[in-house]
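S.K.: Provided herewith: final-v5.pdb, PDB, C-alpha atoms, pLDDT in the B column.
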ATOM      1  CA  MET Z  81       0.000   0.000   0.000  1.00 90.00           C
ATOM      2  CA  SER Z  82       1.340   3.414  -1.030  1.00 97.00           C
ATOM      3  CA  VAL Z  83       0.406   6.966  -0.081  1.00 98.00           C
ATOM      4  CA  PHE Z  84      -0.060   9.673  -2.723  1.00 98.00           C
ATOM      5  CA  PHE Z  85      -0.869  13.381  -2.702  1.00 98.00           C
ATOM      6  CA  THR Z  86      -2.394  15.697  -5.281  1.00 98.00           C
ATOM      7  CA  SER Z  87      -4.638  18.721  -5.670  1.00 98.00           C
ATOM      8  CA  ASP Z  88      -6.537  20.822  -8.162  1.00 97.00           C
ATOM      9  CA  THR Z  89      -7.855  18.115 -10.451  1.00 98.00           C
ATOM     10  CA  HIS Z  90     -10.522  20.629 -11.572  1.00 96.00           C
ATOM     11  CA  PHE Z  91     -12.631  17.974 -13.304  1.00 97.00           C
ATOM     12  CA  GLY Z  92     -15.127  19.668 -15.634  1.00 95.00           C
ATOM     13  CA  HIS Z  93     -13.475  23.115 -15.474  1.00 94.00           C
ATOM     14  CA  ASP Z  94     -13.886  23.969 -19.137  1.00 88.00           C
ATOM     15  CA  ARG Z  95     -11.430  26.847 -19.349  1.00 88.00           C
ATOM     16  CA  GLY Z  96      -8.451  26.881 -21.685  1.00 87.00           C
ATOM     17  CA  PHE Z  97      -6.289  28.647 -19.108  1.00 88.00           C
ATOM     18  CA  LEU Z  98      -6.539  25.492 -16.983  1.00 88.00           C
ATOM     19  CA  TYR Z  99      -6.239  22.558 -19.387  1.00 92.00           C
ATOM     20  CA  GLY Z 100      -4.071  24.346 -22.009  1.00 94.00           C
ATOM     21  CA  PRO Z 101      -0.989  24.839 -19.795  1.00 94.00           C
ATOM     22  CA  ARG Z 102      -1.368  21.211 -18.700  1.00 95.00           C
ATOM     23  CA  GLY Z 103      -0.940  20.191 -22.361  1.00 94.00           C
ATOM     24  CA  PHE Z 104      -4.516  19.391 -23.403  1.00 95.00           C
ATOM     25  CA  GLU Z 105      -6.774  20.613 -26.208  1.00 95.00           C
ATOM     26  CA  SER Z 106     -10.059  20.256 -24.306  1.00 96.00           C
ATOM     27  CA  ILE Z 107     -11.443  19.596 -20.837  1.00 94.00           C
ATOM     28  CA  GLN Z 108     -12.655  16.195 -22.041  1.00 97.00           C
ATOM     29  CA  GLU Z 109      -9.097  15.228 -23.047  1.00 97.00           C
ATOM     30  CA  HIS Z 110      -7.797  16.669 -19.751  1.00 97.00           C
ATOM     31  CA  ASP Z 111     -10.246  14.767 -17.564  1.00 98.00           C
ATOM     32  CA  GLU Z 112      -9.746  11.444 -19.353  1.00 98.00           C
ATOM     33  CA  GLU Z 113      -5.967  11.722 -19.146  1.00 98.00           C
ATOM     34  CA  VAL Z 114      -5.927  12.827 -15.489  1.00 98.00           C
ATOM     35  CA  ILE Z 115      -8.056   9.778 -14.619  1.00 98.00           C
ATOM     36  CA  ARG Z 116      -5.778   7.506 -16.687  1.00 98.00           C
ATOM     37  CA  ARG Z 117      -2.580   8.872 -15.086  1.00 98.00           C
ATOM     38  CA  TRP Z 118      -4.079   8.659 -11.587  1.00 98.00           C
ATOM     39  CA  ASN Z 119      -5.101   5.022 -12.076  1.00 98.00           C
ATOM     40  CA  GLU Z 120      -1.750   4.220 -13.696  1.00 98.00           C
ATOM     41  CA  VAL Z 121       0.065   4.880 -10.398  1.00 98.00           C
ATOM     42  CA  VAL Z 122      -2.642   4.526  -7.719  1.00 98.00           C
ATOM     43  CA  GLY Z 123      -3.946   1.042  -6.919  1.00 98.00           C
ATOM     44  CA  GLN Z 124      -7.234   0.149  -5.255  1.00 97.00           C
ATOM     45  CA  GLU Z 125      -5.513  -0.392  -1.871  1.00 98.00           C
ATOM     46  CA  ASP Z 126      -3.520   2.868  -1.974  1.00 98.00           C
ATOM     47  CA  THR Z 127      -4.332   6.048  -0.080  1.00 98.00           C
ATOM     48  CA  VAL Z 128      -4.586   9.441  -1.773  1.00 98.00           C
ATOM     49  CA  TYR Z 129      -4.854  12.834  -0.114  1.00 98.00           C
ATOM     50  CA  VAL Z 130      -6.484  15.413  -2.413  1.00 98.00           C
ATOM     51  CA  LEU Z 131      -5.847  18.934  -1.193  1.00 98.00           C
ATOM     52  CA  GLY Z 132      -8.849  20.669  -2.692  1.00 96.00           C
ATOM     53  CA  ASP Z 133     -10.526  21.836  -5.876  1.00 96.00           C
ATOM     54  CA  LEU Z 134     -11.571  18.472  -7.239  1.00 97.00           C
ATOM     55  CA  MET Z 135     -14.192  19.722  -9.709  1.00 96.00           C
ATOM     56  CA  LEU Z 136     -15.821  22.854 -11.096  1.00 92.00           C
ATOM     57  CA  ASN Z 137     -18.880  23.761 -13.185  1.00 88.00           C
ATOM     58  CA  ASP Z 138     -20.576  20.442 -14.023  1.00 92.00           C
ATOM     59  CA  ASN Z 139     -20.968  18.581 -10.711  1.00 95.00           C
ATOM     60  CA  GLU Z 140     -22.504  15.522 -12.368  1.00 96.00           C
ATOM     61  CA  HIS Z 141     -19.534  15.173 -14.707  1.00 97.00           C
ATOM     62  CA  GLY Z 142     -17.119  15.834 -11.846  1.00 97.00           C
ATOM     63  CA  MET Z 143     -18.671  13.109  -9.738  1.00 98.00           C
ATOM     64  CA  GLU Z 144     -18.486  10.671 -12.661  1.00 98.00           C
ATOM     65  CA  CYS Z 145     -14.751  11.414 -12.908  1.00 98.00           C
ATOM     66  CA  LEU Z 146     -14.249  10.936  -9.159  1.00 98.00           C
ATOM     67  CA  ARG Z 147     -16.070   7.585  -9.252  1.00 98.00           C
ATOM     68  CA  GLN Z 148     -13.435   6.288 -11.697  1.00 98.00           C
ATOM     69  CA  LEU Z 149     -10.441   6.979  -9.433  1.00 98.00           C
ATOM     70  CA  ASN Z 150      -8.553   4.192  -7.665  1.00 98.00           C
ATOM     71  CA  GLY Z 151      -7.656   4.188  -3.994  1.00 98.00           C
ATOM     72  CA  HIS Z 152      -9.081   5.476  -0.764  1.00 98.00           C
ATOM     73  CA  ILE Z 153      -9.401   9.245  -1.204  1.00 98.00           C
ATOM     74  CA  ASN Z 154      -9.014  11.689   1.685  1.00 98.00           C
ATOM     75  CA  ILE Z 155     -10.380  15.104   0.725  1.00 98.00           C
ATOM     76  CA  LEU Z 156      -9.375  18.455   2.143  1.00 98.00           C
ATOM     77  CA  TYR Z 157     -11.426  21.374   0.862  1.00 97.00           C
ATOM     78  CA  GLY Z 158     -10.175  24.094  -1.454  1.00 96.00           C
ATOM     79  CA  ASN Z 159     -11.585  27.456  -2.471  1.00 96.00           C
ATOM     80  CA  HIS Z 160     -13.793  25.931  -5.215  1.00 94.00           C
ATOM     81  CA  ASP Z 161     -15.288  23.213  -3.023  1.00 95.00           C
ATOM     82  CA  THR Z 162     -18.788  24.598  -2.423  1.00 94.00           C
ATOM     83  CA  ASP Z 163     -21.262  23.295   0.140  1.00 95.00           C
ATOM     84  CA  THR Z 164     -23.029  21.374  -2.640  1.00 96.00           C
ATOM     85  CA  ARG Z 165     -19.783  19.737  -3.758  1.00 96.00           C
ATOM     86  CA  LYS Z 166     -18.847  18.880  -0.173  1.00 96.00           C
ATOM     87  CA  LYS Z 167     -22.132  17.013   0.213  1.00 97.00           C
ATOM     88  CA  LEU Z 168     -21.556  15.199  -3.074  1.00 97.00           C
ATOM     89  CA  TYR Z 169     -18.009  14.137  -2.099  1.00 97.00           C
ATOM     90  CA  ALA Z 170     -19.353  12.612   1.106  1.00 96.00           C
ATOM     91  CA  THR Z 171     -21.578  10.242  -0.912  1.00 97.00           C
ATOM     92  CA  LEU Z 172     -18.611   8.477  -2.518  1.00 97.00           C
ATOM     93  CA  PRO Z 173     -17.881   5.077  -0.927  1.00 95.00           C
ATOM     94  CA  ASN Z 174     -14.072   5.412  -1.066  1.00 96.00           C
ATOM     95  CA  VAL Z 175     -13.872   8.945   0.395  1.00 97.00           C
ATOM     96  CA  THR Z 176     -13.049  10.373   3.821  1.00 97.00           C
ATOM     97  CA  ILE Z 177     -13.559  14.099   4.394  1.00 96.00           C
ATOM     98  CA  LEU Z 178     -10.806  15.804   6.400  1.00 95.00           C
ATOM     99  CA  ASN Z 179     -12.139  19.391   6.267  1.00 93.00           C
ATOM    100  CA  TYR Z 180      -9.809  22.331   5.439  1.00 96.00           C
ATOM    101  CA  ALA Z 181      -6.501  21.288   7.013  1.00 97.00           C
ATOM    102  CA  THR Z 182      -4.992  18.449   9.008  1.00 97.00           C
ATOM    103  CA  VAL Z 183      -1.680  17.108  10.301  1.00 97.00           C
ATOM    104  CA  ILE Z 184      -0.637  13.559   9.462  1.00 97.00           C
ATOM    105  CA  LYS Z 185       2.452  11.493  10.183  1.00 97.00           C
ATOM    106  CA  ILE Z 186       3.928   8.985   7.748  1.00 97.00           C
ATOM    107  CA  ASP Z 187       6.902   7.015   8.998  1.00 94.00           C
ATOM    108  CA  LYS Z 188       8.881   9.595  10.938  1.00 95.00           C
ATOM    109  CA  TYR Z 189       7.717  12.632   8.936  1.00 96.00           C
ATOM    110  CA  GLN Z 190       4.970  15.103   9.871  1.00 96.00           C
ATOM    111  CA  PHE Z 191       2.918  16.925   7.266  1.00 97.00           C
ATOM    112  CA  TYR Z 192       0.528  19.843   7.512  1.00 97.00           C
ATOM    113  CA  LEU Z 193      -1.961  19.325   4.670  1.00 98.00           C
ATOM    114  CA  SER Z 194      -3.934  22.279   3.333  1.00 98.00           C
ATOM    115  CA  HIS Z 195      -5.132  23.670   0.040  1.00 97.00           C
ATOM    116  CA  TYR Z 196      -3.152  26.867   0.597  1.00 97.00           C
ATOM    117  CA  PRO Z 197       0.601  27.258   1.117  1.00 97.00           C
ATOM    118  CA  SER Z 198       1.347  27.769   4.813  1.00 95.00           C
ATOM    119  CA  TYR Z 199       4.569  28.543   6.634  1.00 91.00           C
ATOM    120  CA  THR Z 200       5.083  25.686   9.085  1.00 90.00           C
ATOM    121  CA  SER Z 201       8.849  25.349   9.494  1.00 83.00           C
ATOM    122  CA  ASN Z 202      12.131  26.956   8.528  1.00 70.00           C
ATOM    123  CA  LEU Z 203      15.847  26.270   8.224  1.00 64.00           C
ATOM    124  CA  GLU Z 204      16.899  28.370  11.207  1.00 64.00           C
ATOM    125  CA  ASN Z 205      17.932  25.258  13.100  1.00 62.00           C
ATOM    126  CA  ASP Z 206      19.821  22.127  12.176  1.00 69.00           C
ATOM    127  CA  ALA Z 207      17.044  19.774  13.240  1.00 76.00           C
ATOM    128  CA  PRO Z 208      16.570  16.628  11.158  1.00 81.00           C
ATOM    129  CA  LEU Z 209      13.821  16.695   8.553  1.00 83.00           C
ATOM    130  CA  SER Z 210      11.732  14.443  10.777  1.00 84.00           C
ATOM    131  CA  GLN Z 211      11.508  17.251  13.350  1.00 86.00           C
ATOM    132  CA  HIS Z 212      10.063  19.772  10.905  1.00 88.00           C
ATOM    133  CA  LEU Z 213       6.384  20.169  10.046  1.00 93.00           C
ATOM    134  CA  ILE Z 214       6.255  20.004   6.241  1.00 95.00           C
ATOM    135  CA  ASN Z 215       3.462  21.850   4.438  1.00 97.00           C
ATOM    136  CA  LEU Z 216       1.970  20.005   1.475  1.00 98.00           C
ATOM    137  CA  TYR Z 217      -0.360  22.274  -0.499  1.00 98.00           C
ATOM    138  CA  GLY Z 218      -2.058  22.968  -3.831  1.00 98.00           C
ATOM    139  CA  HIS Z 219      -3.979  26.053  -5.041  1.00 97.00           C
ATOM    140  CA  THR Z 220      -1.148  27.931  -6.777  1.00 96.00           C
ATOM    141  CA  HIS Z 221      -1.057  25.909 -10.042  1.00 95.00           C
ATOM    142  CA  GLN Z 222       2.680  26.472 -10.111  1.00 95.00           C
ATOM    143  CA  LYS Z 223       4.984  24.373 -12.280  1.00 96.00           C
ATOM    144  CA  THR Z 224       7.630  24.037  -9.557  1.00 96.00           C
ATOM    145  CA  ASN Z 225       7.466  21.897  -6.420  1.00 96.00           C
ATOM    146  CA  PHE Z 226       8.461  24.468  -3.796  1.00 95.00           C
ATOM    147  CA  TYR Z 227       6.702  27.631  -2.678  1.00 94.00           C
ATOM    148  CA  GLN Z 228       9.101  30.552  -3.076  1.00 91.00           C
ATOM    149  CA  ASP Z 229      11.934  27.993  -3.090  1.00 88.00           C
ATOM    150  CA  ILE Z 230      11.290  27.074   0.576  1.00 89.00           C
ATOM    151  CA  PRO Z 231      12.223  23.412   1.222  1.00 89.00           C
ATOM    152  CA  PHE Z 232       9.405  22.707   3.712  1.00 92.00           C
ATOM    153  CA  MET Z 233       6.563  23.990   1.510  1.00 95.00           C
ATOM    154  CA  TYR Z 234       5.907  21.389  -1.193  1.00 97.00           C
ATOM    155  CA  HIS Z 235       3.360  21.784  -4.010  1.00 98.00           C
ATOM    156  CA  VAL Z 236       1.502  18.518  -4.727  1.00 98.00           C
ATOM    157  CA  GLY Z 237      -0.780  19.942  -7.433  1.00 98.00           C
ATOM    158  CA  LEU Z 238      -1.145  18.356 -10.846  1.00 97.00           C
ATOM    159  CA  ASP Z 239       0.597  21.290 -12.509  1.00 97.00           C
ATOM    160  CA  SER Z 240       4.039  20.475 -11.090  1.00 97.00           C
ATOM    161  CA  HIS Z 241       3.752  16.685 -11.417  1.00 98.00           C
ATOM    162  CA  ASN Z 242       2.765  16.187 -15.069  1.00 97.00           C
ATOM    163  CA  CYS Z 243      -0.870  15.566 -14.014  1.00 98.00           C
ATOM    164  CA  TYR Z 244       0.023  12.595 -11.786  1.00 98.00           C
ATOM    165  CA  PRO Z 245      -0.447  12.202  -8.037  1.00 98.00           C
ATOM    166  CA  VAL Z 246       2.952  12.261  -6.314  1.00 98.00           C
ATOM    167  CA  CYS Z 247       3.982   9.509  -3.905  1.00 98.00           C
ATOM    168  CA  PHE Z 248       5.206  10.073  -0.361  1.00 97.00           C
ATOM    169  CA  GLU Z 249       8.668   8.645  -1.126  1.00 97.00           C
ATOM    170  CA  GLN Z 250       9.223  11.073  -4.016  1.00 98.00           C
ATOM    171  CA  ILE Z 251       8.207  14.018  -1.848  1.00 98.00           C
ATOM    172  CA  ILE Z 252      10.802  13.072   0.775  1.00 96.00           C
ATOM    173  CA  VAL Z 253      13.532  12.658  -1.871  1.00 96.00           C
ATOM    174  CA  ASP Z 254      12.679  16.045  -3.401  1.00 96.00           C
ATOM    175  CA  ILE Z 255      12.663  17.801  -0.026  1.00 94.00           C
ATOM    176  CA  LYS Z 256      15.958  16.247   1.077  1.00 92.00           C
ATOM    177  CA  ASN Z 257      17.575  17.330  -2.168  1.00 92.00           C
ATOM    178  CA  LYS Z 258      16.144  20.825  -1.793  1.00 89.00           C
ATOM    179  CA  VAL Z 259      17.410  21.135   1.796  1.00 84.00           C
ATOM    180  CA  ILE Z 260      20.921  20.234   0.626  1.00 78.00           C
ATOM    181  CA  VAL Z 261      20.827  22.840  -2.152  1.00 74.00           C
ATOM    182  CA  PHE Z 262      19.193  25.410   0.123  1.00 66.00           C
ATOM    183  CA  SER Z 263      21.870  24.871   2.756  1.00 63.00           C
ATOM    184  CA  ASN Z 264      24.614  25.625   0.231  1.00 55.00           C
ATOM    185  CA  ASN Z 265      25.556  21.972  -0.121  1.00 44.00           C
ATOM    186  CA  THR Z 266      26.006  21.563   3.630  1.00 44.00           C
ATOM    187  CA  LYS Z 267      24.600  18.110   4.290  1.00 47.00           C
ATOM    188  CA  THR Z 268      22.438  18.003   7.399  1.00 46.00           C
ATOM    189  CA  ASP Z 269      21.104  15.013   9.317  1.00 47.00           C
ATOM    190  CA  LEU Z 270      18.032  14.318   7.211  1.00 50.00           C
TER     191      LEU Z 270
END
Could you quickly redo this structure as structure tokens?
M.R.:
Amino acid sequence: MSVFFTSDTHFGHDRGFLYGPRGFESIQEHDEEVIRRWNEVVGQEDTVYVLGDLMLNDNEHGMECLRQLNGHINILYGNHDTDTRKKLYATLPNVTILNYATVIKIDKYQFYLSHYPSYTSNLENDAPLSQHLINLYGHTHQKTNFYQDIPFMYHVGLDSHNCYPVCFEQIIVDIKNKVIVFSNNTKTDL
């Protein structure tokens, strides 16, 4: 069983400014490919945390897309998750609602999950990575993995992961590499 993170799937959001930069000609192509890529890496027994903005515009279409996704899905709300959509998400058999933010621990690492980037830690001390609270977030639609180049603020959105959910292990590798670069190649106890 693996753990994955993502955000901002925006199923049904028929706007070129969304699907175009992601490399698609239409929202239909976008939604089909996002579902395919998700199911390519996520198995039925895997866990996925979705950090908001799952669908827009056509709720019926959005729900049909969500029904096709593998894994147990934990949803945190984003700015486009209306009261109606929240009620719809709760009807899905493979979904747990976690509200707007939560803290989880995987192995020895702690994560603050939210739709929005949040300052949760810094590099002012030499503490190991396991002693920092790492913010995983979406919302920004950025193409890079780190908010303002800060090692403990990691973007899990589709836009910086080629429209795939990103696995826990890859996040840790990316953050460790970023800490090393950020610390001017001074290796710390990660």
S.K.: Going by the chain IDs and residue numbers used in this file, which residues fall under the PyMOL selection byres ((chain Z and resi 158) around 7)? Write them as a count of residues only.
M.R.: 9
S.K.: What would the list of residues within 12 Å of (4.3, 26.5, 4.7) (file frame) look like as a list of chain:residue names, if only C-alpha atoms are what count?
M.R.: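 Every residue inside that radius is included here: Z:Phe191, Z:Tyr192, Z:Leu193, Z:Ser194, Z:His195, Z:Tyr196, Z:Pro197, Z:Ser198, Z:Tyr199, Z:Thr200, Z:Ser201, Z:Asn202, Z:His212, Z:Leu213, Z:Ile214, Z:Asn215, Z:Leu216, Z:Tyr217, Z:Gly218, Z:Phe226, Z:Tyr227, Z:Gln228, Z:Asp229, Z:Ile230, Z:Pro231, Z:Phe232, Z:Met233, Z:Tyr234, Z:His235.
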S.K.: In Å, rounded to a single decimal, give me how far atom CA of Z:Ile186 is from atom CA of Z:Leu134.
M.R.: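 The value is 23.6 Å.
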S.K.: Written as an NGL selection string, which residues does the PyMOL selection byres ((chain Z and resi 141) around 12) give for the file shown?
M.R.: :Z and (90-94 or 107-108 or 111-112 or 134-140 or 142-148 or 165 or 168)
S.K.: Provide the atom CA of Z:Leu209 to atom CA of Z:Asn225 distance in Å, to one decimal place.
M.R.: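 One can read the atom CA of Z:Leu209 to atom CA of Z:Asn225 distance as 17.1 Å.
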S.K.: Measuring between all atoms listed in the file, which one of Z:Tyr189, Z:Trp118, Z:Phe85, Z:Tyr99 shows the shortest distance to Z:Asn154?
M.R.: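 Under the stated criterion, the closest residue is Z:Phe85.
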S.K.: Pull the neighbourhood of (4.3, 9.3, -5.6) for me: all residues within 9 Å in file coordinates, counting only C-alpha atoms, as a list in words.
M.R.: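 I get Ser82, Val83, Phe84, Phe85, Val121, Val122, Tyr244, Pro245, Val246, Cys247, Phe248, Glu249, Gln250 and Ile251 of chain Z for the residues within 9 Å of that point.
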S.K.: Please provide the set of residues having any atom within 7 Å of Z:Leu238, restricted to all atoms listed in the file, with same-chain residues fewer than 5 positions apart removed, written as a list in words.
M.R.: Thr86, Ser87, Asp88, Thr89, Cys243, Tyr244 and Pro245 of chain Z
S.K.: Quote the spacing between atom CA of Z:Tyr129 and atom CA of Z:Gln222 in Å to one decimal place.
M.R.: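 These atoms are spaced 18.5 Å apart.
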S.K.: Could you check the closest approach to Z:Val128 for each of Z:Gly151, Z:Gly96, Z:Pro101, Z:Pro173 and tell me which residue wins, using only C-alpha atoms?
M.R.: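 The answer is Z:Gly151, which sits nearest to Z:Val128.
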S.K.: Of the candidates Z:Ser210, Z:His110, Z:Leu98, Z:Asn174, which one gets nearest to Z:Asp126 if we count all atoms listed in the file?
M.R.: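 Ranking Z:Ser210, Z:His110, Z:Leu98, Z:Asn174 by distance to Z:Asp126, first place goes to Z:Asn174.
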S.K.: Would you please work out which residue, of Z:Val114, Z:Ile252, Z:Met81, Z:Ile155, is nearest to Z:Gln190 when using all atoms listed in the file?
M.R.: Z:Ile252
S.K.: May I ask which of the residues Z:Leu149, Z:Ile177, Z:Val130, Z:Ile184 is the closest one to Z:Glu113, counting all atoms listed in the file?
M.R.: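 Closest residue, counting all atoms listed in the file: Z:Leu149.
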